[in-house]
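Taking it in order: structure first as structure tokens, then the write-up.
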Amino acid sequence: MADDIPFNRTLDLAPGVVEEVVPGVRRILVDNPSPFTFKGTLSYIVGRGKVAIIDPGPLDKKHIGALLDAVRGETVTHIVITHTHRDHSPAAAEVKAATGAATYGEGPHRPARPLHIGETKRLDAGGDTDFVPDRRIAHGEVIEGDGWALEAIATPGHTANHMAYALHGTDVLFSGDHVMGWSTSIVAPPDGAMSDYMASLHRLAGRPESVYLAGHGDVIRDAPSFVAHYIRHRLGREASILHRLRKGEADIPTLVRAIYIGLDPRLAGAACLSTLAHLEDLVERGLVATDGAVSILGRYRLAR
Ligand SMILES: [Zn+2]
């Protein structure tokens with residue numbers, strides 16, 4: 001795939017090692033590498049003495065142990081969740097039990113739209129449906145800690161409940177899986193929605209922070225330009241879909257073959273869902289038509 005996004009596919013960090021990534025923020029890598037998670041999920045510790053943990057990670061004993069070791073002698077006052085995927089939120093329960101900290105997040109896991117007939121949770125296997133935040137936070141709300149404050153920025157799209165967090169008084173924003181330095185984000189219905197995702201990218205594009213700390217991959221240092229690349233990339237993908245449909249009606253596997261060149265076969269399912277996400281958006285905007293509900297099995301054509 002010819003991408004103009006300046007990805008950084010290095011991350012010089014071993015699992016379980018605590019590293020101060022920017023002043024006042026430490027990070028720890030989970031040992032859960034995969035084609036979807038890169039080298040693994042990153043948990044962040046904000047502050048010193050009385051700290052917040054952002055995304056405690058999956059139910060992984062070793063990681064939870066390393067995370068609790070990292071904050072030994074300190075008090076965890078807040079557990080903050082960017083979104084409820086299984087590689088980000090499930091450890092919240094154990095970290096809460098060990099520390100007594102309250103959990104914060106937009107809300108429980110939910111699909112971005114009602115499920116279609118025949119659509120099952122199969123498409124949403126990555127969701128952590130157990131997590132319920134102690135404190136539900138809304139866009140613009142500020143979580144105040146001792147010496148730090150995190151402003152919640154609603155960024156739905158990757159999941160309906162995705163939140164980014166700006167660290168007040170700094171140039172730093174925790175971008176979760178909405179914007180990552182190593183790859184594009186997966187937008188997979190019914191969990192994710194492309195129209196929400198694009199609106200959330202534009203929301204970040206209008207913000208001043210230039211340093212992003214993501215759920216996977218290294219620090220993004222030139223975030224506004226990176227977000228602009230992300231937006232252009234999605235518009236390019238949308239243009240490719242419309243270009244292919246100009247040649248005639250097509251189903252999703254045909255579209256995927258036409259627009260993803262050299263795709264890692266392990267990502268074929270994700271590419272189909274990402275294409276479905278674009279088609280949902282294009283149908284909603286009246287540019288593409290299909291018979292019945294927009295579905296993974298549908299056939300698509302340009303709307304007249
Ligand atoms: Zn993730």
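To be explicit about the labels: the chains of the structure tokens are called A, B, and onward in the order shown, and within each one the residues are counted from 1, while ligands get numbers from 1 in the order they are shown.
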
What residues have any atom no more than 10 Å from ligand 1 when counting only C-alpha atoms and all ligand atoms, and can you list them as a PyMOL selection string? chain A and resi 36-38+40-42+55+57-58+82-89+126+158+176-178+180+185-186+214-216

Those residues with C-alpha atoms, as a PDB file, in the first residue's frame please?
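The new file again-v2.pdb reads:
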ATOM      1  CA  PHE A  36      -2.909  -5.486  15.545  1.00  0.00           C
ATOM      2  CA  THR A  37      -0.960  -4.351  18.616  1.00  0.00           C
ATOM      3  CA  PHE A  38       2.552  -3.784  17.125  1.00  0.00           C
ATOM      4  CA  GLY A  40       2.362  -4.438  22.474  1.00  0.00           C
ATOM      5  CA  THR A  41       0.003  -2.183  24.394  1.00  0.00           C
ATOM      6  CA  LEU A  42       1.495   0.736  26.349  1.00  0.00           C
ATOM      7  CA  ASP A  55      -4.829   2.015  30.166  1.00  0.00           C
ATOM      8  CA  GLY A  57      -3.810  -3.158  29.795  1.00  0.00           C
ATOM      9  CA  PRO A  58      -4.989  -6.729  29.271  1.00  0.00           C
ATOM     10  CA  THR A  82      -9.023   5.425  26.619  1.00  0.00           C
ATOM     11  CA  HIS A  83     -11.347   2.706  25.299  1.00  0.00           C
ATOM     12  CA  THR A  84     -12.683  -0.738  26.125  1.00  0.00           C
ATOM     13  CA  HIS A  85     -10.677  -3.070  23.949  1.00  0.00           C
ATOM     14  CA  ARG A  86      -9.285  -6.173  25.625  1.00  0.00           C
ATOM     15  CA  ASP A  87      -5.704  -5.016  25.297  1.00  0.00           C
ATOM     16  CA  HIS A  88      -6.433  -1.756  27.219  1.00  0.00           C
ATOM     17  CA  SER A  89      -9.041  -1.968  29.987  1.00  0.00           C
ATOM     18  CA  GLY A 126     -11.924  -7.468  20.889  1.00  0.00           C
ATOM     19  CA  HIS A 158     -12.127   3.295  16.732  1.00  0.00           C
ATOM     20  CA  GLY A 176      -5.077   5.865  22.701  1.00  0.00           C
ATOM     21  CA  ASP A 177      -5.720   3.857  19.533  1.00  0.00           C
ATOM     22  CA  HIS A 178      -7.262   6.834  17.721  1.00  0.00           C
ATOM     23  CA  MET A 180      -0.822   5.803  16.528  1.00  0.00           C
ATOM     24  CA  SER A 185      -6.167   2.838  13.422  1.00  0.00           C
ATOM     25  CA  ILE A 186      -8.663   0.048  12.769  1.00  0.00           C
ATOM     26  CA  ALA A 214      -0.439   6.393  21.830  1.00  0.00           C
ATOM     27  CA  GLY A 215      -1.723   3.005  22.938  1.00  0.00           C
ATOM     28  CA  HIS A 216       0.806   1.343  20.630  1.00  0.00           C
TER      29      HIS A 216
END

Contact table segment 118-227 of chain A vs segment 267-280 of chain A, cut-off 7 Å, shortest pair per residue, only C-alpha atoms, as JSON lines:
{"residue": "A:Ile186", "atom": "CA", "partner": "A:Ser274", "partner_atom": "CA", "distance": 6.6}
{"residue": "A:Val187", "atom": "CA", "partner": "A:Ser274", "partner_atom": "CA", "distance": 5.4}
{"residue": "A:Ala188", "atom": "CA", "partner": "A:Leu273", "partner_atom": "CA", "distance": 4.9}
{"residue": "A:Pro189", "atom": "CA", "partner": "A:Ala277", "partner_atom": "CA", "distance": 5.9}
{"residue": "A:Ala193", "atom": "CA", "partner": "A:Ala277", "partner_atom": "CA", "distance": 5.9}
{"residue": "A:Met194", "atom": "CA", "partner": "A:Ala277", "partner_atom": "CA", "distance": 5.3}

Show me, as a PDB file with all heavy atoms, in the first residue's frame, the residues that have an atom within 10 Å of segment 242-254 of chain A when counting only C-alpha atoms, minus same-chain residues fewer than 3 positions from it.
ATOM      1  N   GLY A 236      -7.941   9.336   0.790  1.00  0.00           N
ATOM      2  CA  GLY A 236      -7.369   8.598  -0.339  1.00  0.00           C
ATOM      3  C   GLY A 236      -8.024   7.234  -0.490  1.00  0.00           C
ATOM      4  O   GLY A 236      -8.345   6.788  -1.591  1.00  0.00           O
ATOM      5  N   ARG A 237      -8.242   6.563   0.647  1.00  0.00           N
ATOM      6  CA  ARG A 237      -8.888   5.257   0.621  1.00  0.00           C
ATOM      7  C   ARG A 237     -10.318   5.378   0.095  1.00  0.00           C
ATOM      8  O   ARG A 237     -10.769   4.574  -0.717  1.00  0.00           O
ATOM      9  CB  ARG A 237      -8.864   4.701   2.048  1.00  0.00           C
ATOM     10  CG  ARG A 237      -9.553   3.447   2.232  1.00  0.00           C
ATOM     11  CD  ARG A 237      -8.729   2.197   2.492  1.00  0.00           C
ATOM     12  NE  ARG A 237      -7.379   2.056   2.128  1.00  0.00           N
ATOM     13  CZ  ARG A 237      -6.402   1.674   2.947  1.00  0.00           C
ATOM     14  NH1 ARG A 237      -6.657   1.479   4.208  1.00  0.00           N
ATOM     15  NH2 ARG A 237      -5.189   1.494   2.500  1.00  0.00           N
ATOM     16  N   GLU A 238     -11.005   6.422   0.551  1.00  0.00           N
ATOM     17  CA  GLU A 238     -12.367   6.679   0.087  1.00  0.00           C
ATOM     18  C   GLU A 238     -12.368   6.916  -1.429  1.00  0.00           C
ATOM     19  O   GLU A 238     -13.204   6.377  -2.168  1.00  0.00           O
ATOM     20  CB  GLU A 238     -12.892   7.910   0.835  1.00  0.00           C
ATOM     21  CG  GLU A 238     -14.280   8.320   0.463  1.00  0.00           C
ATOM     22  CD  GLU A 238     -14.692   9.582   1.223  1.00  0.00           C
ATOM     23  OE1 GLU A 238     -14.695   9.556   2.465  1.00  0.00           O
ATOM     24  OE2 GLU A 238     -14.978  10.591   0.560  1.00  0.00           O
ATOM     25  N   ALA A 239     -11.400   7.682  -1.914  1.00  0.00           N
ATOM     26  CA  ALA A 239     -11.301   7.956  -3.355  1.00  0.00           C
ATOM     27  C   ALA A 239     -11.049   6.662  -4.120  1.00  0.00           C
ATOM     28  O   ALA A 239     -11.593   6.462  -5.221  1.00  0.00           O
ATOM     29  CB  ALA A 239     -10.185   8.972  -3.612  1.00  0.00           C
ATOM     30  N   ARG A 257      -9.344  -6.172  -2.629  1.00  0.00           N
ATOM     31  CA  ARG A 257      -8.261  -6.542  -3.549  1.00  0.00           C
ATOM     32  C   ARG A 257      -7.827  -5.347  -4.392  1.00  0.00           C
ATOM     33  O   ARG A 257      -6.655  -5.186  -4.703  1.00  0.00           O
ATOM     34  CB  ARG A 257      -8.705  -7.689  -4.470  1.00  0.00           C
ATOM     35  CG  ARG A 257      -8.576  -9.068  -3.822  1.00  0.00           C
ATOM     36  CD  ARG A 257      -8.714 -10.186  -4.860  1.00  0.00           C
ATOM     37  NE  ARG A 257     -10.023 -10.183  -5.521  1.00  0.00           N
ATOM     38  CZ  ARG A 257     -11.118 -10.741  -4.991  1.00  0.00           C
ATOM     39  NH1 ARG A 257     -11.063 -11.334  -3.809  1.00  0.00           N
ATOM     40  NH2 ARG A 257     -12.269 -10.702  -5.636  1.00  0.00           N
ATOM     41  N   ALA A 258      -8.790  -4.497  -4.735  1.00  0.00           N
ATOM     42  CA  ALA A 258      -8.470  -3.360  -5.604  1.00  0.00           C
ATOM     43  C   ALA A 258      -7.724  -2.254  -4.857  1.00  0.00           C
ATOM     44  O   ALA A 258      -6.906  -1.548  -5.452  1.00  0.00           O
ATOM     45  CB  ALA A 258      -9.754  -2.804  -6.225  1.00  0.00           C
ATOM     46  N   ILE A 259      -7.997  -2.079  -3.567  1.00  0.00           N
ATOM     47  CA  ILE A 259      -7.446  -0.892  -2.891  1.00  0.00           C
ATOM     48  C   ILE A 259      -6.320  -1.210  -1.914  1.00  0.00           C
ATOM     49  O   ILE A 259      -5.542  -0.330  -1.581  1.00  0.00           O
ATOM     50  CB  ILE A 259      -8.548  -0.067  -2.178  1.00  0.00           C
ATOM     51  CG1 ILE A 259      -9.208  -0.872  -1.062  1.00  0.00           C
ATOM     52  CG2 ILE A 259      -9.567   0.423  -3.180  1.00  0.00           C
ATOM     53  CD1 ILE A 259     -10.327  -0.138  -0.371  1.00  0.00           C
ATOM     54  N   ALA A 268      -6.485  -9.370   6.491  1.00  0.00           N
ATOM     55  CA  ALA A 268      -7.542  -9.342   5.471  1.00  0.00           C
ATOM     56  C   ALA A 268      -8.912  -9.059   6.096  1.00  0.00           C
ATOM     57  O   ALA A 268      -9.692  -8.264   5.566  1.00  0.00           O
ATOM     58  CB  ALA A 268      -7.559 -10.662   4.702  1.00  0.00           C
ATOM     59  N   GLY A 269      -9.186  -9.690   7.234  1.00  0.00           N
ATOM     60  CA  GLY A 269     -10.472  -9.475   7.897  1.00  0.00           C
ATOM     61  C   GLY A 269     -10.638  -8.031   8.322  1.00  0.00           C
ATOM     62  O   GLY A 269     -11.700  -7.421   8.141  1.00  0.00           O
ATOM     63  N   ALA A 271      -9.171  -5.471   6.972  1.00  0.00           N
ATOM     64  CA  ALA A 271      -9.308  -4.639   5.768  1.00  0.00           C
ATOM     65  C   ALA A 271     -10.750  -4.666   5.267  1.00  0.00           C
ATOM     66  O   ALA A 271     -11.293  -3.638   4.841  1.00  0.00           O
ATOM     67  CB  ALA A 271      -8.349  -5.128   4.683  1.00  0.00           C
ATOM     68  N   CYS A 272     -11.395  -5.847   5.337  1.00  0.00           N
ATOM     69  CA  CYS A 272     -12.807  -5.944   4.940  1.00  0.00           C
ATOM     70  C   CYS A 272     -13.673  -5.055   5.840  1.00  0.00           C
ATOM     71  O   CYS A 272     -14.555  -4.338   5.357  1.00  0.00           O
ATOM     72  CB  CYS A 272     -13.295  -7.389   5.023  1.00  0.00           C
ATOM     73  SG  CYS A 272     -12.719  -8.420   3.661  1.00  0.00           S
ATOM     74  N   LEU A 273     -13.408  -5.089   7.139  1.00  0.00           N
ATOM     75  CA  LEU A 273     -14.213  -4.292   8.070  1.00  0.00           C
ATOM     76  C   LEU A 273     -13.956  -2.804   7.880  1.00  0.00           C
ATOM     77  O   LEU A 273     -14.865  -1.982   7.971  1.00  0.00           O
ATOM     78  CB  LEU A 273     -13.916  -4.712   9.514  1.00  0.00           C
ATOM     79  CG  LEU A 273     -14.464  -6.089   9.898  1.00  0.00           C
ATOM     80  CD1 LEU A 273     -13.993  -6.489  11.288  1.00  0.00           C
ATOM     81  CD2 LEU A 273     -15.987  -6.090   9.840  1.00  0.00           C
ATOM     82  N   SER A 274     -12.701  -2.447   7.605  1.00  0.00           N
ATOM     83  CA  SER A 274     -12.367  -1.037   7.371  1.00  0.00           C
ATOM     84  C   SER A 274     -13.066  -0.526   6.104  1.00  0.00           C
ATOM     85  O   SER A 274     -13.586   0.594   6.068  1.00  0.00           O
ATOM     86  CB  SER A 274     -10.846  -0.903   7.249  1.00  0.00           C
ATOM     87  OG  SER A 274     -10.517   0.399   6.887  1.00  0.00           O
ATOM     88  N   THR A 275     -13.118  -1.407   5.080  1.00  0.00           N
ATOM     89  CA  THR A 275     -13.817  -1.040   3.843  1.00  0.00           C
ATOM     90  C   THR A 275     -15.312  -0.910   4.114  1.00  0.00           C
ATOM     91  O   THR A 275     -15.964   0.027   3.627  1.00  0.00           O
ATOM     92  CB  THR A 275     -13.525  -2.090   2.755  1.00  0.00           C
ATOM     93  OG1 THR A 275     -12.101  -2.155   2.574  1.00  0.00           O
ATOM     94  CG2 THR A 275     -14.188  -1.738   1.439  1.00  0.00           C
ATOM     95  N   LEU A 276     -15.844  -1.832   4.917  1.00  0.00           N
ATOM     96  CA  LEU A 276     -17.253  -1.716   5.325  1.00  0.00           C
ATOM     97  C   LEU A 276     -17.505  -0.382   6.026  1.00  0.00           C
ATOM     98  O   LEU A 276     -18.527   0.278   5.781  1.00  0.00           O
ATOM     99  CB  LEU A 276     -17.620  -2.892   6.244  1.00  0.00           C
ATOM    100  CG  LEU A 276     -19.011  -2.858   6.875  1.00  0.00           C
ATOM    101  CD1 LEU A 276     -20.099  -2.969   5.817  1.00  0.00           C
ATOM    102  CD2 LEU A 276     -19.178  -3.993   7.903  1.00  0.00           C
ATOM    103  N   LEU A 279     -17.789   2.238   3.489  1.00  0.00           N
ATOM    104  CA  LEU A 279     -19.041   2.115   2.728  1.00  0.00           C
ATOM    105  C   LEU A 279     -20.233   2.615   3.540  1.00  0.00           C
ATOM    106  O   LEU A 279     -21.119   3.275   3.003  1.00  0.00           O
ATOM    107  CB  LEU A 279     -19.235   0.658   2.291  1.00  0.00           C
ATOM    108  CG  LEU A 279     -18.243   0.198   1.202  1.00  0.00           C
ATOM    109  CD1 LEU A 279     -18.231  -1.315   1.080  1.00  0.00           C
ATOM    110  CD2 LEU A 279     -18.561   0.848  -0.151  1.00  0.00           C
ATOM    111  N   LEU A 282     -20.084   6.262   3.155  1.00  0.00           N
ATOM    112  CA  LEU A 282     -20.397   6.703   1.787  1.00  0.00           C
ATOM    113  C   LEU A 282     -21.891   6.546   1.479  1.00  0.00           C
ATOM    114  O   LEU A 282     -22.482   7.385   0.795  1.00  0.00           O
ATOM    115  CB  LEU A 282     -19.539   5.925   0.777  1.00  0.00           C
ATOM    116  CG  LEU A 282     -18.053   6.307   0.778  1.00  0.00           C
ATOM    117  CD1 LEU A 282     -17.222   5.275   0.017  1.00  0.00           C
ATOM    118  CD2 LEU A 282     -17.853   7.698   0.170  1.00  0.00           C
ATOM    119  N   LEU A 287     -23.431   8.804  -1.531  1.00  0.00           N
ATOM    120  CA  LEU A 287     -22.511   8.661  -2.668  1.00  0.00           C
ATOM    121  C   LEU A 287     -22.489   7.245  -3.220  1.00  0.00           C
ATOM    122  O   LEU A 287     -22.149   7.016  -4.378  1.00  0.00           O
ATOM    123  CB  LEU A 287     -21.090   9.058  -2.238  1.00  0.00           C
ATOM    124  CG  LEU A 287     -20.916  10.533  -1.861  1.00  0.00           C
ATOM    125  CD1 LEU A 287     -19.564  10.772  -1.199  1.00  0.00           C
ATOM    126  CD2 LEU A 287     -21.063  11.412  -3.098  1.00  0.00           C
ATOM    127  N   VAL A 288     -22.838   6.268  -2.357  1.00  0.00           N
ATOM    128  CA  VAL A 288     -22.804   4.867  -2.750  1.00  0.00           C
ATOM    129  C   VAL A 288     -24.154   4.248  -2.376  1.00  0.00           C
ATOM    130  O   VAL A 288     -24.780   4.655  -1.393  1.00  0.00           O
ATOM    131  CB  VAL A 288     -21.629   4.138  -2.043  1.00  0.00           C
ATOM    132  CG1 VAL A 288     -21.736   2.624  -2.171  1.00  0.00           C
ATOM    133  CG2 VAL A 288     -20.289   4.631  -2.598  1.00  0.00           C
ATOM    134  N   ALA A 289     -24.576   3.267  -3.177  1.00  0.00           N
ATOM    135  CA  ALA A 289     -25.857   2.591  -2.916  1.00  0.00           C
ATOM    136  C   ALA A 289     -25.630   1.093  -2.772  1.00  0.00           C
ATOM    137  O   ALA A 289     -24.651   0.547  -3.280  1.00  0.00           O
ATOM    138  CB  ALA A 289     -26.834   2.851  -4.058  1.00  0.00           C
ATOM    139  N   THR A 290     -26.541   0.449  -2.048  1.00  0.00           N
ATOM    140  CA  THR A 290     -26.541  -1.002  -1.896  1.00  0.00           C
ATOM    141  C   THR A 290     -27.981  -1.433  -1.692  1.00  0.00           C
ATOM    142  O   THR A 290     -28.857  -0.596  -1.482  1.00  0.00           O
ATOM    143  CB  THR A 290     -25.656  -1.438  -0.710  1.00  0.00           C
ATOM    144  OG1 THR A 290     -25.570  -2.858  -0.675  1.00  0.00           O
ATOM    145  CG2 THR A 290     -26.213  -0.942   0.625  1.00  0.00           C
ATOM    146  N   SER A 295     -23.909  -4.102   4.624  1.00  0.00           N
ATOM    147  CA  SER A 295     -23.430  -5.297   5.316  1.00  0.00           C
ATOM    148  C   SER A 295     -22.163  -5.811   4.665  1.00  0.00           C
ATOM    149  O   SER A 295     -21.845  -5.481   3.524  1.00  0.00           O
ATOM    150  CB  SER A 295     -24.526  -6.376   5.326  1.00  0.00           C
ATOM    151  OG  SER A 295     -24.167  -7.446   4.490  1.00  0.00           O
ATOM    152  N   ILE A 296     -21.464  -6.632   5.414  1.00  0.00           N
ATOM    153  CA  ILE A 296     -20.201  -7.203   4.957  1.00  0.00           C
ATOM    154  C   ILE A 296     -20.427  -8.078   3.715  1.00  0.00           C
ATOM    155  O   ILE A 296     -19.518  -8.278   2.914  1.00  0.00           O
ATOM    156  CB  ILE A 296     -19.547  -7.996   6.128  1.00  0.00           C
ATOM    157  CG1 ILE A 296     -18.070  -8.259   5.871  1.00  0.00           C
ATOM    158  CG2 ILE A 296     -20.269  -9.294   6.426  1.00  0.00           C
ATOM    159  CD1 ILE A 296     -17.166  -7.165   6.309  1.00  0.00           C
ATOM    160  N   LEU A 297     -21.668  -8.580   3.537  1.00  0.00           N
ATOM    161  CA  LEU A 297     -21.972  -9.463   2.401  1.00  0.00           C
ATOM    162  C   LEU A 297     -22.585  -8.708   1.222  1.00  0.00           C
ATOM    163  O   LEU A 297     -22.892  -9.310   0.189  1.00  0.00           O
ATOM    164  CB  LEU A 297     -22.953 -10.555   2.858  1.00  0.00           C
ATOM    165  CG  LEU A 297     -22.440 -11.447   3.987  1.00  0.00           C
ATOM    166  CD1 LEU A 297     -23.550 -12.352   4.517  1.00  0.00           C
ATOM    167  CD2 LEU A 297     -21.246 -12.277   3.522  1.00  0.00           C
ATOM    168  N   GLY A 298     -22.780  -7.392   1.366  1.00  0.00           N
ATOM    169  CA  GLY A 298     -23.499  -6.630   0.345  1.00  0.00           C
ATOM    170  C   GLY A 298     -22.702  -6.383  -0.925  1.00  0.00           C
ATOM    171  O   GLY A 298     -21.497  -6.619  -0.996  1.00  0.00           O
ATOM    172  N   ARG A 299     -23.426  -5.907  -1.961  1.00  0.00           N
ATOM    173  CA  ARG A 299     -22.788  -5.448  -3.196  1.00  0.00           C
ATOM    174  C   ARG A 299     -23.023  -3.950  -3.294  1.00  0.00           C
ATOM    175  O   ARG A 299     -24.074  -3.453  -2.932  1.00  0.00           O
ATOM    176  CB  ARG A 299     -23.363  -6.181  -4.419  1.00  0.00           C
ATOM    177  CG  ARG A 299     -23.064  -7.679  -4.408  1.00  0.00           C
ATOM    178  CD  ARG A 299     -23.528  -8.361  -5.692  1.00  0.00           C
ATOM    179  NE  ARG A 299     -22.851  -7.849  -6.888  1.00  0.00           N
ATOM    180  CZ  ARG A 299     -21.609  -8.208  -7.270  1.00  0.00           C
ATOM    181  NH1 ARG A 299     -20.942  -9.083  -6.549  1.00  0.00           N
ATOM    182  NH2 ARG A 299     -21.071  -7.709  -8.367  1.00  0.00           N
ATOM    183  N   TYR A 300     -22.039  -3.242  -3.794  1.00  0.00           N
ATOM    184  CA  TYR A 300     -22.066  -1.781  -3.741  1.00  0.00           C
ATOM    185  C   TYR A 300     -21.886  -1.182  -5.125  1.00  0.00           C
ATOM    186  O   TYR A 300     -21.184  -1.741  -5.977  1.00  0.00           O
ATOM    187  CB  TYR A 300     -20.961  -1.296  -2.776  1.00  0.00           C
ATOM    188  CG  TYR A 300     -21.255  -1.768  -1.368  1.00  0.00           C
ATOM    189  CD1 TYR A 300     -20.807  -3.005  -0.921  1.00  0.00           C
ATOM    190  CD2 TYR A 300     -22.075  -1.014  -0.540  1.00  0.00           C
ATOM    191  CE1 TYR A 300     -21.154  -3.483   0.336  1.00  0.00           C
ATOM    192  CE2 TYR A 300     -22.416  -1.474   0.721  1.00  0.00           C
ATOM    193  CZ  TYR A 300     -21.956  -2.700   1.152  1.00  0.00           C
ATOM    194  OH  TYR A 300     -22.307  -3.157   2.386  1.00  0.00           O
ATOM    195  N   ARG A 301     -22.547  -0.059  -5.335  1.00  0.00           N
ATOM    196  CA  ARG A 301     -22.442   0.661  -6.616  1.00  0.00           C
ATOM    197  C   ARG A 301     -22.498   2.152  -6.337  1.00  0.00           C
ATOM    198  O   ARG A 301     -22.939   2.582  -5.250  1.00  0.00           O
ATOM    199  CB  ARG A 301     -23.557   0.232  -7.569  1.00  0.00           C
ATOM    200  CG  ARG A 301     -24.934   0.454  -6.970  1.00  0.00           C
ATOM    201  CD  ARG A 301     -26.053  -0.162  -7.801  1.00  0.00           C
ATOM    202  NE  ARG A 301     -27.332   0.048  -7.133  1.00  0.00           N
ATOM    203  CZ  ARG A 301     -27.839  -0.792  -6.228  1.00  0.00           C
ATOM    204  NH1 ARG A 301     -27.201  -1.899  -5.903  1.00  0.00           N
ATOM    205  NH2 ARG A 301     -28.987  -0.515  -5.638  1.00  0.00           N
ATOM    206  N   LEU A 302     -22.080   2.949  -7.310  1.00  0.00           N
ATOM    207  CA  LEU A 302     -22.192   4.393  -7.148  1.00  0.00           C
ATOM    208  C   LEU A 302     -23.678   4.754  -7.123  1.00  0.00           C
ATOM    209  O   LEU A 302     -24.474   4.189  -7.867  1.00  0.00           O
ATOM    210  CB  LEU A 302     -21.512   5.123  -8.315  1.00  0.00           C
ATOM    211  CG  LEU A 302     -19.987   5.046  -8.362  1.00  0.00           C
ATOM    212  CD1 LEU A 302     -19.472   5.895  -9.522  1.00  0.00           C
ATOM    213  CD2 LEU A 302     -19.357   5.528  -7.052  1.00  0.00           C
ATOM    214  N   ALA A 303     -24.035   5.698  -6.245  1.00  0.00           N
ATOM    215  CA  ALA A 303     -25.421   6.166  -6.220  1.00  0.00           C
ATOM    216  C   ALA A 303     -25.624   7.085  -7.417  1.00  0.00           C
ATOM    217  O   ALA A 303     -24.694   7.745  -7.868  1.00  0.00           O
ATOM    218  CB  ALA A 303     -25.694   6.908  -4.922  1.00  0.00           C
TER     219      ALA A 303
END

Secondary structure check, strand (DSSP E) residues of segment 60-209 of chain A, as a ChimeraX atom specification: /A:75-80,102-105,135-136,142-144,149-154,163-167,172-176

Using only C-alpha atoms, which of the listed residues (A:Val22, A:Ile53, A:Leu115, A:Leu67) sits closest to Gly145 of chain A? A:Ile53

Using only C-alpha atoms: which of A:Ile28, A:Leu167, A:Ile153, A:Ile81 has the shortest distance to Pro133 of chain A: A:Ile81

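When atom CA of Leu59 of chain A is paired with atom CA of Ala93 of chain A, their separation reads 9.1 Å.
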
A:Ile5, A:Ala14, A:Val142, A:Val21: which is nearest Ile231 of chain A, counting only C-alpha atoms? A:Ile5

Test item, alpha helix (DSSP H) assignment across segment 91-202 of chain A, answer as a list in words: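 Residues of segment 91-202 of chain A classed as alpha helix (DSSP H): Ala92, Ala93, Glu94, Val95, Lys96, Ala97, Ala98, Thr99, Met194, Ser195, Asp196, Tyr197, Met198, Ala199, Ser200, Leu201 and His202 of chain A.
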
Would you save the residues from that selection as a PDB file, in the first residue's frame, using C-alpha atoms?
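See selection_22.pdb below for the written result:
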ATOM      1  CA  ALA A  92      -8.410  -2.045  35.542  1.00  0.00           C
ATOM      2  CA  ALA A  93     -10.277  -4.421  37.886  1.00  0.00           C
ATOM      3  CA  GLU A  94      -7.104  -5.941  39.351  1.00  0.00           C
ATOM      4  CA  VAL A  95      -5.255  -2.627  39.578  1.00  0.00           C
ATOM      5  CA  LYS A  96      -8.300  -1.147  41.302  1.00  0.00           C
ATOM      6  CA  ALA A  97      -8.438  -4.067  43.747  1.00  0.00           C
ATOM      7  CA  ALA A  98      -4.722  -3.636  44.516  1.00  0.00           C
ATOM      8  CA  THR A  99      -4.716   0.158  44.856  1.00  0.00           C
ATOM      9  CA  MET A 194     -15.926   6.003   9.951  1.00  0.00           C
ATOM     10  CA  SER A 195     -17.996   9.205  10.095  1.00  0.00           C
ATOM     11  CA  ASP A 196     -17.260   9.459  13.843  1.00  0.00           C
ATOM     12  CA  TYR A 197     -13.632   8.590  13.246  1.00  0.00           C
ATOM     13  CA  MET A 198     -13.109  11.360  10.684  1.00  0.00           C
ATOM     14  CA  ALA A 199     -14.884  13.907  12.898  1.00  0.00           C
ATOM     15  CA  SER A 200     -12.600  12.885  15.778  1.00  0.00           C
ATOM     16  CA  LEU A 201      -9.501  13.352  13.610  1.00  0.00           C
ATOM     17  CA  HIS A 202     -10.701  16.842  12.730  1.00  0.00           C
TER      18      HIS A 202
END

What lies within 8 Å of Ala102 of chain A using only C-alpha atoms, ignoring chain neighbours under 2 positions off, as a ChimeraX atom specification? /A:77-79,96,100,104,133-135

Residue among A:Phe131, A:Gly157, A:Val71, A:Gly217 lying closest to Pro33 of chain A, counting only C-alpha atoms: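 Nearest to Pro33 of chain A: A:Gly217.
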
Just the number, please: distance in Å from atom CA of Ala154 of chain A to atom CA of Glu20 of chain A, one decimal.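 Distance between the two atoms: 26.1 Å.
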